[in-house]
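Peer 1: For reference, this is input.cif, and it has mmCIF, C-alpha atoms and all ligand atoms.
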data_model
#
loop_
_atom_site.group_PDB
_atom_site.id
_atom_site.type_symbol
_atom_site.label_atom_id
_atom_site.label_comp_id
_atom_site.auth_asym_id
_atom_site.auth_seq_id
_atom_site.Cartn_x
_atom_site.Cartn_y
_atom_site.Cartn_z
ATOM 1 C CA MET A 201 162.039 40.502 73.749
ATOM 2 C CA THR A 202 158.909 42.632 74.158
ATOM 3 C CA LEU A 203 155.783 41.165 75.740
ATOM 4 C CA GLU A 204 152.267 42.449 75.087
ATOM 5 C CA LEU A 205 149.265 40.933 76.811
ATOM 6 C CA ILE A 206 145.935 41.420 75.073
ATOM 7 C CA SER A 207 143.271 41.845 77.693
ATOM 8 C CA PHE A 208 139.689 42.551 78.626
ATOM 9 C CA PRO A 209 139.735 44.397 81.979
ATOM 10 C CA LEU A 210 137.253 42.055 83.709
ATOM 11 C CA CYS A 211 138.650 38.762 82.418
ATOM 12 C CA PRO A 212 139.822 36.399 85.192
ATOM 13 C CA TYR A 213 141.941 34.383 82.754
ATOM 14 C CA VAL A 214 143.855 37.485 81.669
ATOM 15 C CA GLN A 215 144.297 38.337 85.332
ATOM 16 C CA ARG A 216 146.074 35.014 85.927
ATOM 17 C CA SER A 217 148.736 36.020 83.411
ATOM 18 C CA VAL A 218 148.965 39.602 84.705
ATOM 19 C CA ILE A 219 149.640 38.222 88.200
ATOM 20 C CA THR A 220 152.349 35.916 86.850
ATOM 21 C CA LEU A 221 154.007 38.736 84.888
ATOM 22 C CA LEU A 222 153.889 41.076 87.897
ATOM 23 C CA HIS A 223 155.210 38.372 90.215
ATOM 24 C CA LYS A 224 158.137 37.820 87.889
ATOM 25 C CA GLN A 225 158.673 41.583 87.673
ATOM 26 C CA VAL A 226 158.997 41.541 83.927
ATOM 27 C CA GLY A 227 158.057 44.544 81.806
ATOM 28 C CA PHE A 228 155.025 44.117 79.576
ATOM 29 C CA LYS A 229 152.434 46.147 77.742
ATOM 30 C CA LEU A 230 148.780 45.578 78.606
ATOM 31 C CA THR A 231 146.383 46.262 75.738
ATOM 32 C CA HIS A 232 142.680 46.230 76.503
ATOM 33 C CA ILE A 233 140.081 45.410 73.885
ATOM 34 C CA ASP A 234 136.305 45.501 73.924
ATOM 35 C CA LEU A 235 135.123 41.899 73.641
ATOM 36 C CA ALA A 236 131.723 43.106 72.435
ATOM 37 C CA HIS A 237 133.468 44.707 69.436
ATOM 38 C CA LYS A 238 136.572 42.639 68.755
ATOM 39 C CA PRO A 239 139.003 44.534 66.525
ATOM 40 C CA GLU A 240 140.069 42.901 63.265
ATOM 41 C CA TRP A 241 143.745 42.866 64.305
ATOM 42 C CA PHE A 242 142.745 40.878 67.426
ATOM 43 C CA LEU A 243 140.712 38.334 65.447
ATOM 44 C CA ALA A 244 143.663 37.879 63.139
ATOM 45 C CA LEU A 245 145.888 37.250 66.177
ATOM 46 C CA SER A 246 143.677 35.094 68.387
ATOM 47 C CA PRO A 247 142.684 31.694 66.930
ATOM 48 C CA MET A 248 139.804 31.303 69.408
ATOM 49 C CA GLY A 249 138.848 34.971 69.504
ATOM 50 C CA LYS A 250 139.534 34.950 73.252
ATOM 51 C CA VAL A 251 141.742 36.862 75.633
ATOM 52 C CA PRO A 252 144.371 36.543 76.960
ATOM 53 C CA CYS A 253 146.830 36.463 74.076
ATOM 54 C CA LEU A 254 150.494 37.086 74.652
ATOM 55 C CA LYS A 255 152.371 38.721 71.803
ATOM 56 C CA ILE A 256 156.084 37.931 72.020
ATOM 57 C CA GLY A 257 158.218 40.256 69.920
ATOM 58 C CA THR A 258 156.538 41.314 66.702
ATOM 59 C CA ASP A 259 154.946 38.187 65.317
ATOM 60 C CA THR A 260 154.763 35.332 67.824
ATOM 61 C CA VAL A 261 151.486 34.806 69.661
ATOM 62 C CA LEU A 262 150.476 32.483 72.499
ATOM 63 C CA PHE A 263 146.900 31.941 73.632
ATOM 64 C CA GLU A 264 145.272 30.156 76.613
ATOM 65 C CA SER A 265 146.105 31.563 80.044
ATOM 66 C CA GLN A 266 147.639 28.394 81.438
ATOM 67 C CA VAL A 267 149.830 27.895 78.385
ATOM 68 C CA ILE A 268 150.957 31.522 78.626
ATOM 69 C CA ASN A 269 151.715 31.142 82.332
ATOM 70 C CA GLU A 270 153.721 27.965 81.815
ATOM 71 C CA TYR A 271 155.734 29.623 79.049
ATOM 72 C CA LEU A 272 156.448 32.598 81.298
ATOM 73 C CA ASP A 273 157.378 30.220 84.093
ATOM 74 C CA GLU A 274 159.787 28.239 81.938
ATOM 75 C CA THR A 275 161.513 31.321 80.569
ATOM 76 C CA ILE A 276 161.573 33.824 83.439
ATOM 77 C CA ALA A 277 162.892 33.040 86.938
ATOM 78 C CA PRO A 278 161.819 32.340 89.643
ATOM 79 C CA ALA A 279 160.134 29.061 88.667
ATOM 80 C CA LEU A 280 156.679 28.834 90.193
ATOM 81 C CA HIS A 281 155.816 25.294 89.125
ATOM 82 C CA PRO A 282 157.276 22.475 91.286
ATOM 83 C CA ALA A 283 160.356 20.684 89.937
ATOM 84 C CA ASP A 284 158.903 17.242 90.685
ATOM 85 C CA PRO A 285 156.864 15.951 87.674
ATOM 86 C CA LEU A 286 154.094 14.388 89.772
ATOM 87 C CA GLU A 287 153.706 17.446 91.951
ATOM 88 C CA ARG A 288 153.706 19.627 88.809
ATOM 89 C CA ALA A 289 150.998 17.448 87.265
ATOM 90 C CA GLN A 290 148.916 17.804 90.435
ATOM 91 C CA HIS A 291 149.284 21.571 90.278
ATOM 92 C CA ARG A 292 148.129 21.534 86.646
ATOM 93 C CA ALA A 293 145.135 19.402 87.595
ATOM 94 C CA TRP A 294 144.043 21.818 90.341
ATOM 95 C CA ILE A 295 144.500 24.744 87.952
ATOM 96 C CA ALA A 296 142.145 22.999 85.505
ATOM 97 C CA PHE A 297 139.687 22.545 88.389
ATOM 98 C CA GLY A 298 139.951 26.291 89.079
ATOM 99 C CA SER A 299 139.220 27.063 85.413
ATOM 100 C CA GLU A 300 135.977 25.095 85.702
ATOM 101 C CA MET A 301 135.065 27.144 88.754
ATOM 102 C CA ILE A 302 135.694 30.407 86.907
ATOM 103 C CA GLY A 303 133.072 29.213 84.415
ATOM 104 C CA ASP A 304 130.620 28.336 87.219
ATOM 105 C CA GLN A 305 131.244 31.684 88.894
ATOM 106 C CA PHE A 306 130.583 33.541 85.657
ATOM 107 C CA GLN A 307 127.309 31.648 85.182
ATOM 108 C CA MET A 308 126.309 32.476 88.758
ATOM 109 C CA MET A 309 127.144 36.162 88.253
ATOM 110 C CA ILE A 310 125.094 36.564 85.089
ATOM 111 C CA ALA A 311 122.146 34.284 85.960
ATOM 112 C CA GLN A 312 118.906 36.216 85.632
ATOM 113 C CA GLY A 313 116.550 33.523 86.867
ATOM 114 C CA GLU A 314 116.366 31.529 90.109
ATOM 115 C CA GLU A 315 116.837 28.148 88.432
ATOM 116 C CA ARG A 316 120.056 29.065 86.628
ATOM 117 C CA PHE A 317 121.401 30.903 89.641
ATOM 118 C CA THR A 318 120.785 27.929 91.944
ATOM 119 C CA ALA A 319 122.325 25.475 89.481
ATOM 120 C CA ALA A 320 125.449 27.580 88.892
ATOM 121 C CA SER A 321 125.997 28.346 92.563
ATOM 122 C CA ARG A 322 125.584 24.676 93.483
ATOM 123 C CA GLN A 323 128.203 23.727 90.870
ATOM 124 C CA LEU A 324 130.568 26.389 92.165
ATOM 125 C CA PHE A 325 130.184 25.782 95.891
ATOM 126 C CA ASP A 326 130.355 21.983 95.584
ATOM 127 C CA LYS A 327 133.749 22.433 93.919
ATOM 128 C CA LEU A 328 134.919 25.060 96.409
ATOM 129 C CA GLU A 329 134.006 22.739 99.284
ATOM 130 C CA ARG A 330 135.934 19.929 97.664
ATOM 131 C CA LEU A 331 138.970 22.201 97.297
ATOM 132 C CA GLU A 332 138.619 23.282 100.929
ATOM 133 C CA LYS A 333 138.829 19.623 102.008
ATOM 134 C CA ASN A 334 142.006 19.202 99.979
ATOM 135 C CA MET A 335 143.763 22.178 101.585
ATOM 136 C CA THR A 336 146.115 21.889 104.512
ATOM 137 C CA GLY A 337 145.314 25.473 105.491
ATOM 138 C CA ASN A 338 149.006 26.222 105.563
ATOM 139 C CA HIS A 339 149.608 29.531 103.808
ATOM 140 C CA PHE A 340 149.435 29.327 99.972
ATOM 141 C CA PHE A 341 148.269 26.323 97.920
ATOM 142 C CA ALA A 342 151.557 24.496 98.406
ATOM 143 C CA GLY A 343 152.750 26.037 101.663
ATOM 144 C CA GLN A 344 155.073 29.022 101.927
ATOM 145 C CA ASN A 345 155.928 29.302 98.216
ATOM 146 C CA PHE A 346 153.691 31.171 95.776
ATOM 147 C CA SER A 347 152.931 28.897 92.794
ATOM 148 C CA LEU A 348 151.081 29.041 89.478
ATOM 149 C CA VAL A 349 148.098 27.563 91.345
ATOM 150 C CA ASP A 350 147.990 30.720 93.463
ATOM 151 C CA ALA A 351 148.131 32.882 90.329
ATOM 152 C CA ALA A 352 145.305 30.812 88.851
ATOM 153 C CA TYR A 353 143.001 30.980 91.890
ATOM 154 C CA ALA A 354 143.503 34.606 92.959
ATOM 155 C CA PRO A 355 141.098 36.019 90.298
ATOM 156 C CA LEU A 356 138.367 33.547 91.315
ATOM 157 C CA PHE A 357 138.778 34.346 95.015
ATOM 158 C CA MET A 358 138.949 38.112 94.410
ATOM 159 C CA ARG A 359 135.556 37.895 92.700
ATOM 160 C CA MET A 360 134.159 35.693 95.500
ATOM 161 C CA GLU A 361 135.001 38.382 98.041
ATOM 162 C CA ILE A 362 133.459 41.124 95.886
ATOM 163 C CA LEU A 363 130.271 39.100 95.361
ATOM 164 C CA HIS A 364 130.130 38.216 99.062
ATOM 165 C CA ALA A 365 130.299 41.953 99.881
ATOM 166 C CA LEU A 366 127.430 42.625 97.471
ATOM 167 C CA ARG A 367 125.276 39.776 98.749
ATOM 168 C CA PRO A 368 126.311 37.532 101.660
ATOM 169 C CA LEU A 369 127.173 34.038 100.440
ATOM 170 C CA PRO A 370 126.972 31.725 103.481
ATOM 171 C CA ARG A 371 128.639 28.772 101.738
ATOM 172 C CA TRP A 372 131.656 30.995 100.946
ATOM 173 C CA GLU A 373 131.693 32.398 104.483
ATOM 174 C CA ALA A 374 131.982 28.837 105.816
ATOM 175 C CA LEU A 375 135.168 27.995 103.897
ATOM 176 C CA GLY A 376 137.768 28.962 106.500
ATOM 177 C CA LYS A 377 140.878 27.601 104.785
ATOM 178 C CA LEU A 378 140.010 29.080 101.391
ATOM 179 C CA ARG A 379 139.200 32.442 102.937
ATOM 180 C CA ARG A 380 142.501 32.548 104.822
ATOM 181 C CA TRP A 381 144.292 31.656 101.587
ATOM 182 C CA THR A 382 142.290 34.403 99.839
ATOM 183 C CA ALA A 383 143.282 36.999 102.447
ATOM 184 C CA LEU A 384 146.969 36.163 101.946
ATOM 185 C CA LEU A 385 146.647 36.387 98.175
ATOM 186 C CA MET A 386 144.796 39.717 98.228
ATOM 187 C CA GLU A 387 147.639 41.300 100.224
ATOM 188 C CA LEU A 388 150.204 40.510 97.546
ATOM 189 C CA PRO A 389 151.129 43.503 95.356
ATOM 190 C CA GLU A 390 151.041 41.343 92.216
ATOM 191 C CA VAL A 391 147.437 40.375 93.004
ATOM 192 C CA ALA A 392 146.251 43.791 94.215
ATOM 193 C CA GLY A 393 147.947 45.417 91.209
ATOM 194 C CA SER A 394 146.509 42.973 88.682
ATOM 195 C CA VAL A 395 143.264 44.955 88.370
ATOM 196 C CA THR A 396 142.379 48.631 88.287
ATOM 197 C CA ALA A 397 141.436 50.383 91.557
ATOM 198 C CA ASP A 398 137.812 50.618 90.437
ATOM 199 C CA PHE A 399 137.592 46.895 89.675
ATOM 200 C CA PRO A 400 134.849 46.067 92.262
ATOM 201 C CA GLU A 401 132.671 48.838 90.848
ATOM 202 C CA ARG A 402 133.338 47.770 87.259
ATOM 203 C CA LEU A 403 132.447 44.181 88.085
ATOM 204 C CA ARG A 404 129.283 45.289 89.837
ATOM 205 C CA ASN A 405 128.265 47.433 86.848
ATOM 206 C CA TYR A 406 128.951 44.571 84.463
ATOM 207 C CA ILE A 407 126.771 42.092 86.325
ATOM 208 C CA SER A 408 124.118 44.724 86.896
ATOM 209 C CA GLU A 409 123.940 45.335 83.134
ATOM 210 C CA LYS A 410 123.425 41.590 82.689
ATOM 211 C CA GLY A 411 120.324 41.815 84.914
ATOM 212 C CA SER A 412 121.940 39.488 87.466
ATOM 213 C CA LEU A 413 119.674 37.898 90.054
ATOM 214 C CA LEU A 414 122.545 38.174 92.502
ATOM 215 C CA LEU A 415 122.084 41.939 92.604
ATOM 216 C CA ARG A 416 118.342 42.063 92.185
ATOM 217 C CA SER A 417 117.663 40.016 95.293
ATOM 218 C CA VAL A 418 119.998 41.935 97.610
HETATM 219 N N1 LIG A 501 140.515 28.832 78.381
HETATM 220 C C1 LIG A 501 140.765 30.226 78.100
HETATM 221 C C2 LIG A 501 139.524 31.005 78.451
HETATM 222 C C3 LIG A 501 139.636 32.473 78.033
HETATM 223 C C4 LIG A 501 138.268 33.140 77.973
HETATM 224 O O1 LIG A 501 137.216 32.480 78.050
HETATM 225 N N2 LIG A 501 138.293 34.477 77.795
HETATM 226 C C5 LIG A 501 137.048 35.187 77.645
HETATM 227 C C6 LIG A 501 137.023 36.478 78.466
HETATM 228 S S1 LIG A 501 137.098 36.183 80.188
HETATM 229 C C7 LIG A 501 136.915 35.623 76.190
HETATM 230 O O2 LIG A 501 137.859 36.070 75.591
HETATM 231 N N3 LIG A 501 135.715 35.515 75.644
HETATM 232 C C8 LIG A 501 135.440 36.027 74.344
HETATM 233 C C9 LIG A 501 134.547 35.143 73.574
HETATM 234 O O3 LIG A 501 134.337 33.986 73.999
HETATM 235 O O4 LIG A 501 134.053 35.584 72.536
HETATM 236 C C10 LIG A 501 141.998 30.703 78.875
HETATM 237 O O5 LIG A 501 142.290 30.127 79.926
HETATM 238 O O6 LIG A 501 142.687 31.615 78.404
#
Could you express the structure from this file as structure tokens?
Ligand SMILES: N[C@@H](CCC(=O)N[C@@H](CS)C(=O)NCC(=O)O)C(=O)O
Peer 2:
Amino acid sequence: MTLELISFPLCPYVQRSVITLLHKQVGFKLTHIDLAHKPEWFLALSPMGKVPCLKIGTDTVLFESQVINEYLDETIAPALHPADPLERAQHRAWIAFGSEMIGDQFQMMIAQGEERFTAASRQLFDKLERLEKNMTGNHFFAGQNFSLVDAAYAPLFMRMEILHALRPLPRWEALGKLRRWTALLMELPEVAGSVTADFPERLRNYISEKGSLLLRSV
């Protein structure tokens, strides 16, 4: 069965699925599209007009990163979700929490004015601090084993580190457990290899084109 992931190179949701595919060492084709000029074939494929979409074989399509990741997890070993239903539900809940933070982070990155920037960063950091309190600080999200939660959070944390390098973010700096978790994730080949080598520069250019306050006030 062939797998093709439809992508936009800067999309954190796509990156979650790329990490999962790389972790599972399964062959797949990555097809990038320009979200500013969505091709007709993509609009025909994607009910919400969003990436990622996973094309399975010639005519089956899945959308929504978490749905894609769960499908991959149920069909390709090793299983990354816990076997216990309650634990699995908790992992899903924290993944949903991470999705909210990706939205906050995006708003913070593209905010042009002080008010929007402050509001988005408060939303983001309040959530990050809550997550920090929930962490044991013991390796990955659930200890020694890499899980779908790790795949879901790595794109968010990768961007936090890039933004922090562009403009120091004291509230990020203070999150010791999350930053240790981040460092472990960034060393993994499936995380490092989930973006192109010029990703930090591409991200910087993207937010610069948006007139981001984050860059203007450096
Ligand atoms: N909930 C979706 C979010 C996907 C998403 O928002 N993708 C963005 C790019 S990062 C997109 O395709 N946006 C295009 C648009 O909204 O027109 C998921 O987890 O897959």
Peer 1: Evaluate the PyMOL selection byres (((chain A and resi 344-351) around 6) and not hetatm) here and jot the selected residues down as a ChimeraX atom specification.
Peer 2: /A:216,219,280-281,295,339-340,343,352-354
Peer 1: Which residues fall under the PyMOL selection byres (((chain A and resi 259-275) around 10) and not hetatm) in this file, as JSON, numbers by chain?
Peer 2: {"A": [203, 204, 205, 206, 212, 213, 214, 215, 216, 217, 218, 219, 220, 221, 224, 226, 245, 246, 247, 248, 249, 250, 251, 252, 253, 254, 255, 256, 257, 258, 276, 277, 278, 279, 280, 281, 292, 295, 296, 299, 347, 348, 349, 351, 352]}
Peer 1: Take the residues just selected and output them with C-alpha atoms as an mmCIF file, in the coordinates of the input.
Peer 2:
data_model
loop_
_atom_site.group_PDB
_atom_site.id
_atom_site.type_symbol
_atom_site.label_atom_id
_atom_site.label_comp_id
_atom_site.auth_asym_id
_atom_site.auth_seq_id
_atom_site.Cartn_x
_atom_site.Cartn_y
_atom_site.Cartn_z
ATOM 1 C CA LEU A 203 155.783 41.165 75.740
ATOM 2 C CA GLU A 204 152.267 42.449 75.087
ATOM 3 C CA LEU A 205 149.265 40.933 76.811
ATOM 4 C CA ILE A 206 145.935 41.420 75.073
ATOM 5 C CA PRO A 212 139.822 36.399 85.192
ATOM 6 C CA TYR A 213 141.941 34.383 82.754
ATOM 7 C CA VAL A 214 143.855 37.485 81.669
ATOM 8 C CA GLN A 215 144.297 38.337 85.332
ATOM 9 C CA ARG A 216 146.074 35.014 85.927
ATOM 10 C CA SER A 217 148.736 36.020 83.411
ATOM 11 C CA VAL A 218 148.965 39.602 84.705
ATOM 12 C CA ILE A 219 149.640 38.222 88.200
ATOM 13 C CA THR A 220 152.349 35.916 86.850
ATOM 14 C CA LEU A 221 154.007 38.736 84.888
ATOM 15 C CA LYS A 224 158.137 37.820 87.889
ATOM 16 C CA VAL A 226 158.997 41.541 83.927
ATOM 17 C CA LEU A 245 145.888 37.250 66.177
ATOM 18 C CA SER A 246 143.677 35.094 68.387
ATOM 19 C CA PRO A 247 142.684 31.694 66.930
ATOM 20 C CA MET A 248 139.804 31.303 69.408
ATOM 21 C CA GLY A 249 138.848 34.971 69.504
ATOM 22 C CA LYS A 250 139.534 34.950 73.252
ATOM 23 C CA VAL A 251 141.742 36.862 75.633
ATOM 24 C CA PRO A 252 144.371 36.543 76.960
ATOM 25 C CA CYS A 253 146.830 36.463 74.076
ATOM 26 C CA LEU A 254 150.494 37.086 74.652
ATOM 27 C CA LYS A 255 152.371 38.721 71.803
ATOM 28 C CA ILE A 256 156.084 37.931 72.020
ATOM 29 C CA GLY A 257 158.218 40.256 69.920
ATOM 30 C CA THR A 258 156.538 41.314 66.702
ATOM 31 C CA ILE A 276 161.573 33.824 83.439
ATOM 32 C CA ALA A 277 162.892 33.040 86.938
ATOM 33 C CA PRO A 278 161.819 32.340 89.643
ATOM 34 C CA ALA A 279 160.134 29.061 88.667
ATOM 35 C CA LEU A 280 156.679 28.834 90.193
ATOM 36 C CA HIS A 281 155.816 25.294 89.125
ATOM 37 C CA ARG A 292 148.129 21.534 86.646
ATOM 38 C CA ILE A 295 144.500 24.744 87.952
ATOM 39 C CA ALA A 296 142.145 22.999 85.505
ATOM 40 C CA SER A 299 139.220 27.063 85.413
ATOM 41 C CA SER A 347 152.931 28.897 92.794
ATOM 42 C CA LEU A 348 151.081 29.041 89.478
ATOM 43 C CA VAL A 349 148.098 27.563 91.345
ATOM 44 C CA ALA A 351 148.131 32.882 90.329
ATOM 45 C CA ALA A 352 145.305 30.812 88.851
#
Peer 1: Check which residues satisfy the PyMOL selection byres (((chain A and resi 305-307) around 9) and not hetatm) in the file shown, then give them as a count of residues only.
Peer 2: 18
Peer 1: For the point (146.4, 16.7, 94.7) in file coordinates, what residues are within 12 Å, counting only C-alpha atoms? Give the answer as a list in words?
Peer 2: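 Residues lying no farther than 12 Å from the given point: Leu286, Glu287, Arg288, Ala289, Gln290, His291, Arg292, Ala293, Trp294, Ile295, Ala296, Phe297, Arg330, Leu331, Glu332, Lys333, Asn334, Met335, Thr336, Phe341, Ala342 and Val349 of chain A.
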Peer 1: Please compute the CA of Leu414 (chain A)-CA of Thr318 (chain A) distance, one decimal, in Å.
Peer 2: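 A separation of 10.4 Å between them.
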Peer 1: Edge lengths and centre in Å to one decimal, as AutoDock Vina command-line options, of the axis-aligned box that encloses all listed atoms of ligand LIG 501 (chain A) with 5 Å added on every side?
Peer 2:
--center_x 138.4 --center_y 32.7 --center_z 76.4 --size_x 18.6 --size_y 17.6 --size_z 17.7
Peer 1: Name the residues within 8 Å of (121.4, 38.7, 79.6), counting only C-alpha atoms in the file's coordinates, and put them as a PyMOL selection string.
Peer 2: chain A and resi 310-312+409-412
Peer 1: Do you have the CA of Thr231 (chain A)-CA of Pro209 (chain A) distance handy?
Peer 2: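 These two atoms are separated by 9.3 Å.
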Peer 1: To one decimal in Å, tell me the separation between CA of Glu240 (chain A) and CA of Phe228 (chain A).
Peer 2: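 Separation between CA of Glu240 (chain A) and CA of Phe228 (chain A): 22.2 Å.
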Peer 1: With distances taken over all atoms listed in the file, which residue among A:Gly337, A:Pro239, A:Pro282, A:Gly313 lies nearest Leu378 (chain A)?
Peer 2: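 Going through A:Gly337, A:Pro239, A:Pro282, A:Gly313 one by one, the smallest distance to Leu378 (chain A) is for A:Gly337.
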Peer 1: Nearest residue to Pro368 (chain A) out of A:Leu222, A:Leu415, A:Ala319, A:Ala383, using only C-alpha atoms?
Peer 2: A:Leu415
Peer 1: So that I can see what lies close to Leu403 (chain A), please list as a ChimeraX atom specification the residues with an atom at most 9 Å from it, counting all atoms listed in the file and leaving out residues fewer than 3 positions away in the same chain.
Peer 2: /A:210,359,362,398-400,406-408
Peer 1: Include C-alpha atoms and write out the residues we just selected as an mmCIF file, keeping the file's coordinate frame.
Peer 2:
data_model
loop_
_atom_site.group_PDB
_atom_site.id
_atom_site.type_symbol
_atom_site.label_atom_id
_atom_site.label_comp_id
_atom_site.auth_asym_id
_atom_site.auth_seq_id
_atom_site.Cartn_x
_atom_site.Cartn_y
_atom_site.Cartn_z
ATOM 1 C CA LEU A 210 137.253 42.055 83.709
ATOM 2 C CA ARG A 359 135.556 37.895 92.700
ATOM 3 C CA ILE A 362 133.459 41.124 95.886
ATOM 4 C CA ASP A 398 137.812 50.618 90.437
ATOM 5 C CA PHE A 399 137.592 46.895 89.675
ATOM 6 C CA PRO A 400 134.849 46.067 92.262
ATOM 7 C CA TYR A 406 128.951 44.571 84.463
ATOM 8 C CA ILE A 407 126.771 42.092 86.325
ATOM 9 C CA SER A 408 124.118 44.724 86.896
#
Peer 1: Between A:Arg416, A:Arg367, A:Arg404, A:His237, which is the closest to ligand LIG 501 (chain A) once you count all atoms listed in the file?
Peer 2: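 Ranking A:Arg416, A:Arg367, A:Arg404, A:His237 by distance to ligand LIG 501 (chain A), first place goes to A:His237.
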Peer 1: I need the residue nearest ligand LIG 501 (chain A) from this list: A:Ser207, A:Thr396, A:Gln225, A:Asn405. Use only C-alpha atoms and all ligand atoms for the distance.
Peer 2: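 Nearest to ligand LIG 501 (chain A): A:Ser207.
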Peer 1: So, counting only C-alpha atoms, which residue among A:Ala283, A:Leu369, A:Met358, A:Ala397 is closest to Leu384 (chain A)?
Peer 2: A:Met358
Peer 1: Which of these residues is nearest to ligand LIG 501 (chain A), using all atoms listed in the file: A:Lys238, A:Arg379, A:Arg322, A:Lys327?
Peer 2: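 Among the listed residues, A:Lys238 lies closest to ligand LIG 501 (chain A).
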Peer 1: For region 323-338 of chain A, which lacks atoms in the input, supply N, CA, C and O atoms and format the output as an mmCIF file, in the coordinates of the input.
Peer 2:
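Once everything was written out, this is rebuild_12.cif:
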data_model
loop_
_atom_site.group_PDB
_atom_site.id
_atom_site.type_symbol
_atom_site.label_atom_id
_atom_site.label_comp_id
_atom_site.auth_asym_id
_atom_site.auth_seq_id
_atom_site.Cartn_x
_atom_site.Cartn_y
_atom_site.Cartn_z
ATOM 1 N N GLN A 323 126.992 24.245 91.550
ATOM 2 C CA GLN A 323 128.203 23.727 90.870
ATOM 3 C C GLN A 323 129.458 24.344 91.474
ATOM 4 O O GLN A 323 130.440 23.670 91.755
ATOM 5 N N LEU A 324 129.400 25.666 91.656
ATOM 6 C CA LEU A 324 130.568 26.389 92.165
ATOM 7 C C LEU A 324 130.889 25.980 93.604
ATOM 8 O O LEU A 324 132.032 25.625 93.920
ATOM 9 N N PHE A 325 129.897 26.022 94.472
ATOM 10 C CA PHE A 325 130.184 25.782 95.891
ATOM 11 C C PHE A 325 130.541 24.320 96.166
ATOM 12 O O PHE A 325 131.348 24.043 97.056
ATOM 13 N N ASP A 326 129.948 23.391 95.399
ATOM 14 C CA ASP A 326 130.355 21.983 95.584
ATOM 15 C C ASP A 326 131.848 21.839 95.295
ATOM 16 O O ASP A 326 132.567 21.142 96.009
ATOM 17 N N LYS A 327 132.312 22.529 94.265
ATOM 18 C CA LYS A 327 133.749 22.433 93.919
ATOM 19 C C LYS A 327 134.600 23.140 94.972
ATOM 20 O O LYS A 327 135.654 22.652 95.370
ATOM 21 N N LEU A 328 134.147 24.317 95.395
ATOM 22 C CA LEU A 328 134.919 25.060 96.409
ATOM 23 C C LEU A 328 135.041 24.235 97.693
ATOM 24 O O LEU A 328 136.107 24.197 98.325
ATOM 25 N N GLU A 329 133.965 23.550 98.058
ATOM 26 C CA GLU A 329 134.006 22.739 99.284
ATOM 27 C C GLU A 329 134.949 21.558 99.120
ATOM 28 O O GLU A 329 135.654 21.166 100.046
ATOM 29 N N ARG A 330 134.998 21.034 97.930
ATOM 30 C CA ARG A 330 135.934 19.929 97.664
ATOM 31 C C ARG A 330 137.386 20.430 97.761
ATOM 32 O O ARG A 330 138.260 19.774 98.321
ATOM 33 N N LEU A 331 137.624 21.611 97.219
ATOM 34 C CA LEU A 331 138.970 22.201 97.297
ATOM 35 C C LEU A 331 139.340 22.471 98.758
ATOM 36 O O LEU A 331 140.459 22.198 99.190
ATOM 37 N N GLU A 332 138.392 22.992 99.500
ATOM 38 C CA GLU A 332 138.619 23.282 100.929
ATOM 39 C C GLU A 332 139.102 22.018 101.656
ATOM 40 O O GLU A 332 140.044 22.054 102.443
ATOM 41 N N LYS A 333 138.457 20.892 101.351
ATOM 42 C CA LYS A 333 138.829 19.623 102.008
ATOM 43 C C LYS A 333 140.244 19.205 101.635
ATOM 44 O O LYS A 333 140.938 18.553 102.408
ATOM 45 N N ASN A 334 140.676 19.603 100.450
ATOM 46 C CA ASN A 334 142.006 19.202 99.979
ATOM 47 C C ASN A 334 143.123 20.083 100.541
ATOM 48 O O ASN A 334 144.297 19.732 100.441
ATOM 49 N N MET A 335 142.748 21.212 101.129
ATOM 50 C CA MET A 335 143.763 22.178 101.585
ATOM 51 C C MET A 335 144.287 21.832 102.973
ATOM 52 O O MET A 335 143.523 21.389 103.822
ATOM 53 N N THR A 336 145.568 22.098 103.166
ATOM 54 C CA THR A 336 146.115 21.889 104.512
ATOM 55 C C THR A 336 145.836 23.120 105.379
ATOM 56 O O THR A 336 145.910 23.057 106.592
ATOM 57 N N GLY A 337 145.556 24.243 104.736
ATOM 58 C CA GLY A 337 145.314 25.473 105.491
ATOM 59 C C GLY A 337 146.612 26.137 105.878
ATOM 60 O O GLY A 337 146.655 26.999 106.749
ATOM 61 N N ASN A 338 147.688 25.704 105.222
ATOM 62 C CA ASN A 338 149.006 26.222 105.563
ATOM 63 C C ASN A 338 149.486 27.210 104.507
ATOM 64 O O ASN A 338 150.111 26.822 103.530
#
